[in-house]
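For reference, the structure discussed in these notes is given below.
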Amino acid sequence: MSEAGPDAVLLLRIWTRIGLQSFGGGQAVQLYAYEELVDRRKWLRAEDWAEAWGICQMVPGVNVVAVAALTGYRLAGWAGVAAAVGGLIVPSVLITVLMTAGFVHIRDLGWVGTGLHGLVFAAAGGSVMVGYRLIRPLLGISRGESRLTLVASVVVVVVAALLALGGRVPLLAVLLGAGALLAAVVTLADRPLEPVEVAR
Amino acid sequence: MIDGLTFFWLVLRASLLSSGGLGNLPLLHQDLLARHWAADRDFASALAIGQVAPGPNGLWVVALGFLVYGLPGAALSTVAVVAPPLLVVPVGRLHKRYAGIPAVRGFVRGLTLALAGSVPVVFLRVAYSSYGLDWLGAGIVALTVALIASRRVPIIAALALGATLGIAGYR
(Lines give C-alpha, C1' and ligand atoms only; values in the text may rest on other atoms or scores of the structure.)
Protein backbone atom coordinates (compact mmCIF):
# COMPACT_ATOMS: atom_id res chain seq x y z
CA MET A 1 0.00 0.00 0.00
CA SER A 2 1.33 3.45 -0.84
CA GLU A 3 1.65 6.44 1.47
CA ALA A 4 -0.72 8.67 -0.46
CA GLY A 5 -3.97 7.17 0.81
CA PRO A 6 -7.10 7.47 -1.29
CA ASP A 7 -10.11 9.07 0.26
CA ALA A 8 -13.54 7.50 0.24
CA VAL A 9 -14.94 9.86 -2.39
CA LEU A 10 -12.26 8.84 -4.85
CA LEU A 11 -12.91 5.16 -4.06
CA LEU A 12 -16.61 5.74 -4.69
CA ARG A 13 -15.88 7.29 -8.06
CA ILE A 14 -13.46 4.59 -9.11
CA TRP A 15 -15.69 1.64 -8.13
CA THR A 16 -18.72 3.28 -9.73
CA ARG A 17 -16.80 3.41 -12.98
CA ILE A 18 -15.58 -0.16 -12.57
CA GLY A 19 -19.15 -1.35 -11.94
CA LEU A 20 -20.69 0.51 -14.85
CA GLN A 21 -18.00 -0.54 -17.31
CA SER A 22 -18.46 -4.18 -16.59
CA PHE A 23 -21.30 -5.28 -18.79
CA GLY A 24 -20.95 -9.03 -19.01
CA GLY A 25 -20.09 -9.81 -15.45
CA GLY A 26 -17.59 -10.70 -12.82
CA GLN A 27 -14.51 -11.40 -14.87
CA ALA A 28 -14.71 -7.98 -16.48
CA VAL A 29 -15.04 -6.38 -13.03
CA GLN A 30 -11.98 -8.26 -11.84
CA LEU A 31 -9.98 -7.08 -14.84
CA TYR A 32 -10.94 -3.41 -14.54
CA ALA A 33 -10.43 -3.32 -10.78
CA TYR A 34 -6.92 -4.77 -11.10
CA GLU A 35 -5.98 -2.26 -13.79
CA GLU A 36 -7.29 0.62 -11.73
CA LEU A 37 -6.11 -0.24 -8.19
CA VAL A 38 -2.85 -2.06 -8.92
CA ASP A 39 -1.58 -0.85 -12.30
CA ARG A 40 -2.75 2.75 -12.42
CA ARG A 41 -3.10 4.01 -8.85
CA LYS A 42 -0.58 1.62 -7.30
CA TRP A 43 -2.60 1.57 -4.07
CA LEU A 44 -2.15 -2.17 -3.83
CA ARG A 45 0.71 -4.41 -4.82
CA ALA A 46 0.03 -7.45 -6.99
CA GLU A 47 0.64 -9.60 -3.88
CA ASP A 48 -1.95 -7.63 -1.87
CA TRP A 49 -4.41 -8.21 -4.70
CA ALA A 50 -3.72 -11.95 -4.86
CA GLU A 51 -4.03 -12.27 -1.09
CA ALA A 52 -7.31 -10.34 -1.12
CA TRP A 53 -8.73 -12.77 -3.70
CA GLY A 54 -7.58 -15.71 -1.63
CA ILE A 55 -9.40 -14.37 1.42
CA CYS A 56 -12.48 -13.63 -0.67
CA GLN A 57 -12.76 -17.30 -1.65
CA MET A 58 -13.36 -18.02 2.04
CA VAL A 59 -16.48 -15.88 2.35
CA PRO A 60 -19.84 -16.55 0.74
CA GLY A 61 -21.41 -14.70 -2.13
CA VAL A 62 -20.28 -12.47 -4.96
CA ASN A 63 -16.46 -12.43 -4.96
CA VAL A 64 -16.13 -8.99 -6.52
CA VAL A 65 -18.22 -7.43 -3.75
CA ALA A 66 -15.90 -9.05 -1.20
CA VAL A 67 -12.83 -7.75 -3.05
CA ALA A 68 -14.32 -4.24 -3.13
CA ALA A 69 -15.10 -4.44 0.60
CA LEU A 70 -11.70 -5.79 1.60
CA THR A 71 -9.59 -3.44 -0.49
CA GLY A 72 -11.88 -0.54 0.49
CA TYR A 73 -11.39 -1.39 4.16
CA ARG A 74 -7.62 -1.56 3.83
CA LEU A 75 -7.46 1.74 1.99
CA ALA A 76 -9.97 3.82 3.98
CA GLY A 77 -11.61 1.82 6.78
CA TRP A 78 -15.40 1.37 6.98
CA ALA A 79 -15.94 4.52 4.94
CA GLY A 80 -13.86 2.80 2.26
CA VAL A 81 -16.09 -0.29 2.45
CA ALA A 82 -19.23 1.80 2.03
CA ALA A 83 -17.68 3.79 -0.82
CA ALA A 84 -16.26 0.83 -2.74
CA VAL A 85 -19.26 -1.50 -2.34
CA GLY A 86 -21.78 1.32 -2.79
CA GLY A 87 -20.03 2.49 -5.95
CA LEU A 88 -19.87 -1.02 -7.35
CA ILE A 89 -23.44 -1.97 -6.47
CA VAL A 90 -25.84 0.99 -6.30
CA PRO A 91 -25.68 2.34 -9.89
CA SER A 92 -25.60 -1.19 -11.30
CA VAL A 93 -28.62 -2.23 -9.21
CA LEU A 94 -30.59 0.81 -10.40
CA ILE A 95 -29.78 0.03 -14.03
CA THR A 96 -30.62 -3.65 -13.50
CA VAL A 97 -34.03 -2.69 -12.05
CA LEU A 98 -34.70 -0.27 -14.92
CA MET A 99 -33.70 -2.91 -17.48
CA THR A 100 -35.94 -5.50 -15.80
CA ALA A 101 -38.86 -3.05 -15.68
CA GLY A 102 -38.29 -2.26 -19.36
CA PHE A 103 -38.07 -5.96 -20.15
CA VAL A 104 -41.47 -6.59 -18.57
CA HIS A 105 -43.01 -4.17 -21.08
CA ILE A 106 -41.30 -5.49 -24.21
CA ARG A 107 -41.04 -9.20 -23.47
CA ASP A 108 -43.96 -10.04 -25.73
CA LEU A 109 -42.32 -8.51 -28.80
CA GLY A 110 -41.22 -11.30 -31.11
CA TRP A 111 -37.48 -10.59 -31.28
CA VAL A 112 -37.20 -9.99 -27.55
CA GLY A 113 -38.55 -13.45 -26.79
CA THR A 114 -36.39 -15.22 -29.37
CA GLY A 115 -33.30 -13.20 -28.43
CA LEU A 116 -33.84 -14.05 -24.78
CA HIS A 117 -34.31 -17.70 -25.72
CA GLY A 118 -30.89 -17.72 -27.42
CA LEU A 119 -29.28 -15.68 -24.63
CA VAL A 120 -30.51 -18.05 -21.91
CA PHE A 121 -28.97 -21.06 -23.65
CA ALA A 122 -25.73 -19.14 -24.25
CA ALA A 123 -25.60 -18.10 -20.58
CA ALA A 124 -26.26 -21.72 -19.56
CA GLY A 125 -23.23 -22.68 -21.65
CA GLY A 126 -21.30 -19.93 -19.88
CA SER A 127 -22.23 -21.40 -16.49
CA VAL A 128 -20.78 -24.73 -17.61
CA MET A 129 -17.43 -23.02 -18.18
CA VAL A 130 -17.65 -21.15 -14.87
CA GLY A 131 -18.17 -24.50 -13.13
CA TYR A 132 -15.35 -26.14 -15.04
CA ARG A 133 -12.91 -23.37 -14.16
CA LEU A 134 -13.80 -23.72 -10.48
CA ILE A 135 -13.58 -27.52 -10.45
CA ARG A 136 -10.25 -27.93 -12.23
CA PRO A 137 -7.93 -26.06 -9.83
CA LEU A 138 -9.75 -27.47 -6.78
CA LEU A 139 -9.28 -31.03 -8.03
CA GLY A 140 -5.61 -30.16 -8.53
CA ILE A 141 -5.30 -29.12 -4.89
CA SER A 142 -7.13 -32.26 -3.75
CA ARG A 143 -4.87 -34.47 -5.85
CA GLY A 144 -1.84 -32.90 -4.20
CA GLU A 145 -3.15 -33.85 -0.75
CA SER A 146 -4.16 -37.51 -1.00
CA ARG A 147 -5.85 -39.98 -3.27
CA LEU A 148 -8.78 -40.13 -0.86
CA THR A 149 -9.28 -36.36 -1.05
CA LEU A 150 -9.24 -36.50 -4.84
CA VAL A 151 -11.80 -39.33 -4.93
CA ALA A 152 -14.05 -37.53 -2.41
CA SER A 153 -13.81 -34.31 -4.43
CA VAL A 154 -14.81 -36.03 -7.67
CA VAL A 155 -17.66 -37.83 -5.87
CA VAL A 156 -18.94 -34.49 -4.50
CA VAL A 157 -19.03 -32.90 -7.96
CA VAL A 158 -20.74 -35.88 -9.62
CA VAL A 159 -23.26 -36.53 -6.84
CA ALA A 160 -24.16 -32.83 -6.54
CA ALA A 161 -24.69 -32.63 -10.31
CA LEU A 162 -26.87 -35.78 -10.35
CA LEU A 163 -28.96 -34.67 -7.36
CA ALA A 164 -29.45 -31.24 -8.94
CA LEU A 165 -30.61 -33.04 -12.10
CA GLY A 166 -33.16 -35.06 -10.15
CA GLY A 167 -34.22 -31.99 -8.19
CA ARG A 168 -35.93 -33.92 -5.36
CA VAL A 169 -33.28 -34.04 -2.64
CA PRO A 170 -33.03 -30.89 -0.47
CA LEU A 171 -29.98 -29.10 -1.85
CA LEU A 172 -29.30 -27.44 1.50
CA ALA A 173 -28.44 -30.87 2.90
CA VAL A 174 -26.36 -31.70 -0.18
CA LEU A 175 -24.26 -28.53 0.14
CA LEU A 176 -23.71 -28.90 3.88
CA GLY A 177 -22.97 -32.63 3.45
CA ALA A 178 -20.41 -31.89 0.74
CA GLY A 179 -18.71 -29.34 3.00
CA ALA A 180 -18.70 -31.74 5.96
CA LEU A 181 -17.34 -34.64 3.87
CA LEU A 182 -14.43 -32.62 2.51
CA ALA A 183 -13.77 -31.09 5.93
CA ALA A 184 -13.38 -34.62 7.32
CA VAL A 185 -11.31 -35.94 4.42
CA VAL A 186 -8.97 -32.95 4.25
CA THR A 187 -8.45 -33.20 8.02
CA LEU A 188 -7.55 -36.89 7.61
CA ALA A 189 -5.19 -36.15 4.73
CA ASP A 190 -3.46 -33.58 6.92
CA ARG A 191 -2.21 -36.41 9.19
CA PRO A 192 -0.69 -38.77 6.63
CA LEU A 193 1.02 -41.03 9.16
CA GLU A 194 -2.15 -42.30 10.79
CA PRO A 195 -4.03 -45.20 9.25
CA VAL A 196 -6.93 -43.79 7.29
CA GLU A 197 -10.45 -44.99 7.92
CA VAL A 198 -13.47 -43.33 6.43
CA ALA A 199 -16.96 -43.76 7.77
CA ARG A 200 -18.83 -42.73 4.60
CA MET B 1 -48.71 -14.30 -2.01
CA ILE B 2 -45.08 -13.62 -1.23
CA ASP B 3 -44.09 -12.95 2.35
CA GLY B 4 -41.30 -10.38 2.29
CA LEU B 5 -39.47 -11.56 5.37
CA THR B 6 -39.39 -15.17 4.23
CA PHE B 7 -38.34 -14.10 0.72
CA PHE B 8 -35.47 -12.10 2.21
CA TRP B 9 -34.41 -15.03 4.38
CA LEU B 10 -34.46 -17.48 1.44
CA VAL B 11 -32.26 -15.21 -0.68
CA LEU B 12 -29.96 -14.52 2.26
CA ARG B 13 -29.64 -18.21 3.15
CA ALA B 14 -28.90 -19.22 -0.44
CA SER B 15 -26.31 -16.43 -0.69
CA LEU B 16 -24.69 -17.31 2.64
CA LEU B 17 -24.19 -20.84 1.30
CA SER B 18 -22.90 -19.74 -2.08
CA SER B 19 -19.65 -19.06 -3.75
CA GLY B 20 -19.59 -16.65 -6.64
CA GLY B 21 -22.48 -14.81 -8.27
CA LEU B 22 -24.41 -17.87 -9.48
CA GLY B 23 -23.81 -19.98 -6.39
CA ASN B 24 -27.18 -19.14 -4.88
CA LEU B 25 -29.05 -20.40 -7.96
CA PRO B 26 -29.58 -24.09 -7.02
CA LEU B 27 -30.93 -23.47 -3.53
CA LEU B 28 -33.02 -20.44 -4.50
CA HIS B 29 -34.48 -22.28 -7.49
CA GLN B 30 -35.55 -25.19 -5.30
CA ASP B 31 -36.94 -22.98 -2.51
CA LEU B 32 -38.90 -20.50 -4.66
CA LEU B 33 -40.35 -23.12 -7.01
CA ALA B 34 -41.49 -25.23 -4.06
CA ARG B 35 -43.46 -22.23 -2.76
CA HIS B 36 -44.71 -21.30 -6.25
CA TRP B 37 -43.25 -17.84 -5.74
CA ALA B 38 -41.35 -17.97 -9.02
CA ALA B 39 -41.49 -19.95 -12.25
CA ASP B 40 -38.66 -21.28 -14.38
CA ARG B 41 -39.37 -18.46 -16.85
CA ASP B 42 -38.66 -15.88 -14.14
CA PHE B 43 -35.33 -17.51 -13.43
CA ALA B 44 -34.47 -17.68 -17.13
CA SER B 45 -35.29 -14.00 -17.68
CA ALA B 46 -33.48 -12.86 -14.53
CA LEU B 47 -30.34 -14.87 -15.33
CA ALA B 48 -30.28 -13.42 -18.85
CA ILE B 49 -30.78 -9.84 -17.61
CA GLY B 50 -28.05 -10.39 -15.01
CA GLN B 51 -25.64 -11.34 -17.77
CA VAL B 52 -26.41 -8.26 -19.83
CA ALA B 53 -26.75 -5.65 -17.09
CA PRO B 54 -23.67 -3.87 -15.69
CA GLY B 55 -22.08 -4.86 -12.39
CA PRO B 56 -21.38 -8.31 -11.00
CA ASN B 57 -23.38 -11.24 -12.43
CA GLY B 58 -24.63 -11.85 -8.90
CA LEU B 59 -27.09 -9.00 -9.45
CA TRP B 60 -29.26 -11.44 -11.45
CA VAL B 61 -31.04 -11.99 -8.13
CA VAL B 62 -32.08 -8.32 -8.13
CA ALA B 63 -33.78 -8.86 -11.50
CA LEU B 64 -35.45 -12.00 -10.10
CA GLY B 65 -36.66 -10.10 -7.03
CA PHE B 66 -38.15 -7.41 -9.24
CA LEU B 67 -39.86 -9.90 -11.56
CA VAL B 68 -41.58 -11.85 -8.80
CA TYR B 69 -42.08 -9.20 -6.08
CA GLY B 70 -41.61 -5.76 -7.65
CA LEU B 71 -39.51 -3.01 -6.09
CA PRO B 72 -39.64 -4.51 -2.56
CA GLY B 73 -38.31 -7.74 -4.06
CA ALA B 74 -35.48 -5.91 -5.80
CA ALA B 75 -34.54 -4.03 -2.62
CA LEU B 76 -34.67 -7.13 -0.38
CA SER B 77 -32.64 -9.13 -2.91
CA THR B 78 -30.00 -6.41 -3.11
CA VAL B 79 -29.44 -6.38 0.65
CA ALA B 80 -29.52 -10.18 0.91
CA VAL B 81 -26.96 -10.58 -1.87
CA VAL B 82 -24.58 -7.80 -0.80
CA ALA B 83 -24.49 -8.62 2.93
CA PRO B 84 -22.77 -12.06 2.90
CA PRO B 85 -19.57 -10.99 1.07
CA LEU B 86 -19.16 -8.15 3.60
CA LEU B 87 -18.17 -10.87 6.06
CA VAL B 88 -14.81 -10.55 4.36
CA VAL B 89 -13.84 -7.64 6.62
CA PRO B 90 -13.95 -9.60 9.91
CA VAL B 91 -12.75 -12.77 8.15
CA GLY B 92 -9.82 -10.83 6.68
CA ARG B 93 -8.60 -10.14 10.22
CA LEU B 94 -8.98 -13.75 11.34
CA HIS B 95 -7.72 -15.14 8.05
CA LYS B 96 -4.15 -15.83 9.14
CA ARG B 97 -5.33 -17.78 12.18
CA TYR B 98 -8.09 -19.90 10.63
CA ALA B 99 -7.29 -20.31 6.94
CA GLY B 100 -4.78 -23.02 7.71
CA ILE B 101 -7.20 -25.27 9.59
CA PRO B 102 -7.82 -28.32 7.39
CA ALA B 103 -11.50 -28.60 8.32
CA VAL B 104 -12.12 -24.97 7.30
CA ARG B 105 -10.30 -25.38 3.99
CA GLY B 106 -12.08 -28.67 3.39
CA PHE B 107 -15.54 -27.28 4.11
CA VAL B 108 -15.09 -24.34 1.76
CA ARG B 109 -13.70 -26.64 -0.95
CA GLY B 110 -16.51 -29.19 -0.58
CA LEU B 111 -19.18 -26.50 -0.72
CA THR B 112 -17.56 -24.90 -3.76
CA LEU B 113 -17.22 -28.23 -5.58
CA ALA B 114 -20.88 -29.11 -4.91
CA LEU B 115 -21.94 -25.71 -6.24
CA ALA B 116 -19.68 -25.98 -9.28
CA GLY B 117 -21.29 -29.34 -10.07
CA SER B 118 -24.89 -28.29 -9.50
CA VAL B 119 -25.05 -24.70 -10.79
CA PRO B 120 -24.61 -25.60 -14.50
CA VAL B 121 -27.12 -28.45 -14.14
CA VAL B 122 -29.75 -26.16 -12.59
CA PHE B 123 -29.03 -23.46 -15.18
CA LEU B 124 -29.53 -25.95 -18.02
CA ARG B 125 -32.70 -27.24 -16.33
CA VAL B 126 -34.07 -23.69 -16.10
CA ALA B 127 -33.34 -23.18 -19.81
CA TYR B 128 -34.93 -26.53 -20.71
CA SER B 129 -38.03 -26.03 -18.55
CA SER B 130 -38.57 -22.56 -20.01
CA TYR B 131 -38.01 -23.27 -23.68
CA GLY B 132 -37.67 -27.01 -24.27
CA LEU B 133 -34.66 -28.34 -26.11
CA ASP B 134 -33.96 -28.45 -29.82
CA TRP B 135 -30.89 -28.63 -32.02
CA LEU B 136 -30.43 -24.86 -32.14
CA GLY B 137 -30.56 -24.57 -28.35
CA ALA B 138 -28.07 -27.39 -27.90
CA GLY B 139 -25.89 -25.84 -30.59
CA ILE B 140 -25.89 -22.45 -28.85
CA VAL B 141 -24.84 -24.10 -25.56
CA ALA B 142 -22.01 -26.00 -27.27
CA LEU B 143 -20.87 -22.96 -29.26
CA THR B 144 -20.77 -20.74 -26.16
CA VAL B 145 -18.78 -23.34 -24.21
CA ALA B 146 -16.29 -23.62 -27.09
CA LEU B 147 -15.95 -19.85 -27.53
CA ILE B 148 -15.38 -19.17 -23.82
CA ALA B 149 -13.01 -22.15 -23.52
CA SER B 150 -10.92 -20.73 -26.40
CA ARG B 151 -10.44 -17.50 -24.39
CA ARG B 152 -10.29 -15.58 -27.67
CA VAL B 153 -13.71 -13.99 -27.46
CA PRO B 154 -14.98 -11.68 -24.71
CA ILE B 155 -17.81 -13.39 -22.83
CA ILE B 156 -20.25 -10.62 -23.67
CA ALA B 157 -19.59 -11.26 -27.40
CA ALA B 158 -20.28 -14.98 -26.98
CA LEU B 159 -23.57 -14.15 -25.23
CA ALA B 160 -24.51 -11.62 -27.91
CA LEU B 161 -23.90 -14.27 -30.55
CA GLY B 162 -26.25 -16.64 -28.72
CA ALA B 163 -28.97 -13.96 -28.61
CA THR B 164 -28.45 -13.19 -32.31
CA LEU B 165 -28.71 -16.86 -33.25
CA GLY B 166 -31.91 -17.04 -31.21
CA ILE B 167 -33.43 -14.08 -33.07
CA ALA B 168 -32.37 -15.51 -36.43
CA GLY B 169 -33.38 -19.09 -35.71
CA TYR B 170 -36.57 -18.94 -33.63
CA ARG B 171 -39.02 -16.97 -35.74
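Ligands are numbered from 1 in the order shown, chains are lettered A, B, ... in the order of the C-alpha coordinates, and residues start at 1 in each chain.
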Should the cut-off be 6 Å, what would the residue list for chain A against chain B look like, counting only C-alpha atoms, as a PyMOL selection string?
chain A and resi 19-20+22-26+59-63+66+70+92+96+100+111+114-115+118-122+124-125+127-128+131+156-157+160-161+164+171+175+178-180+182-183+186-187
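Proximity to Ala82 in chain A at 8 Å, evaluated using only C-alpha atoms and with sequence-adjacent residues fewer than 4 positions away removed, yields Ala69, Gly72, Trp78 and Gly86 of chain A.
In this model, the gap between CA of Arg74 in chain A and CA of Trp53 in chain A comes to 13.5 Å.
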Which neighbours of Ser146 in chain A fall inside 9 Å, counting only C-alpha atoms, when residues of the same chain fewer than 5 positions from it are skipped, and could you give them as a PyMOL selection string?
chain A and resi 151+186+189-190+192
Using DSSP on the backbone coordinates, identify the residues of chain B assigned to alpha helix (DSSP H); present them as a PyMOL selection string.
chain B and resi 4-16+25-34+40-52+60-82+88-98+102-131+135-150+155-169
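CA of Ala184 in chain A is positioned 13.0 Å from CA of Leu150 in chain A.
Take the candidates A:Val93, A:Leu188, A:Ala123, A:Ile55 and check each one against Arg97 in chain B using only C-alpha atoms; the shortest distance goes to A:Ile55.
As for CA of Val158 in chain A and CA of Glu145 in chain A, they are spaced 19.8 Å apart.
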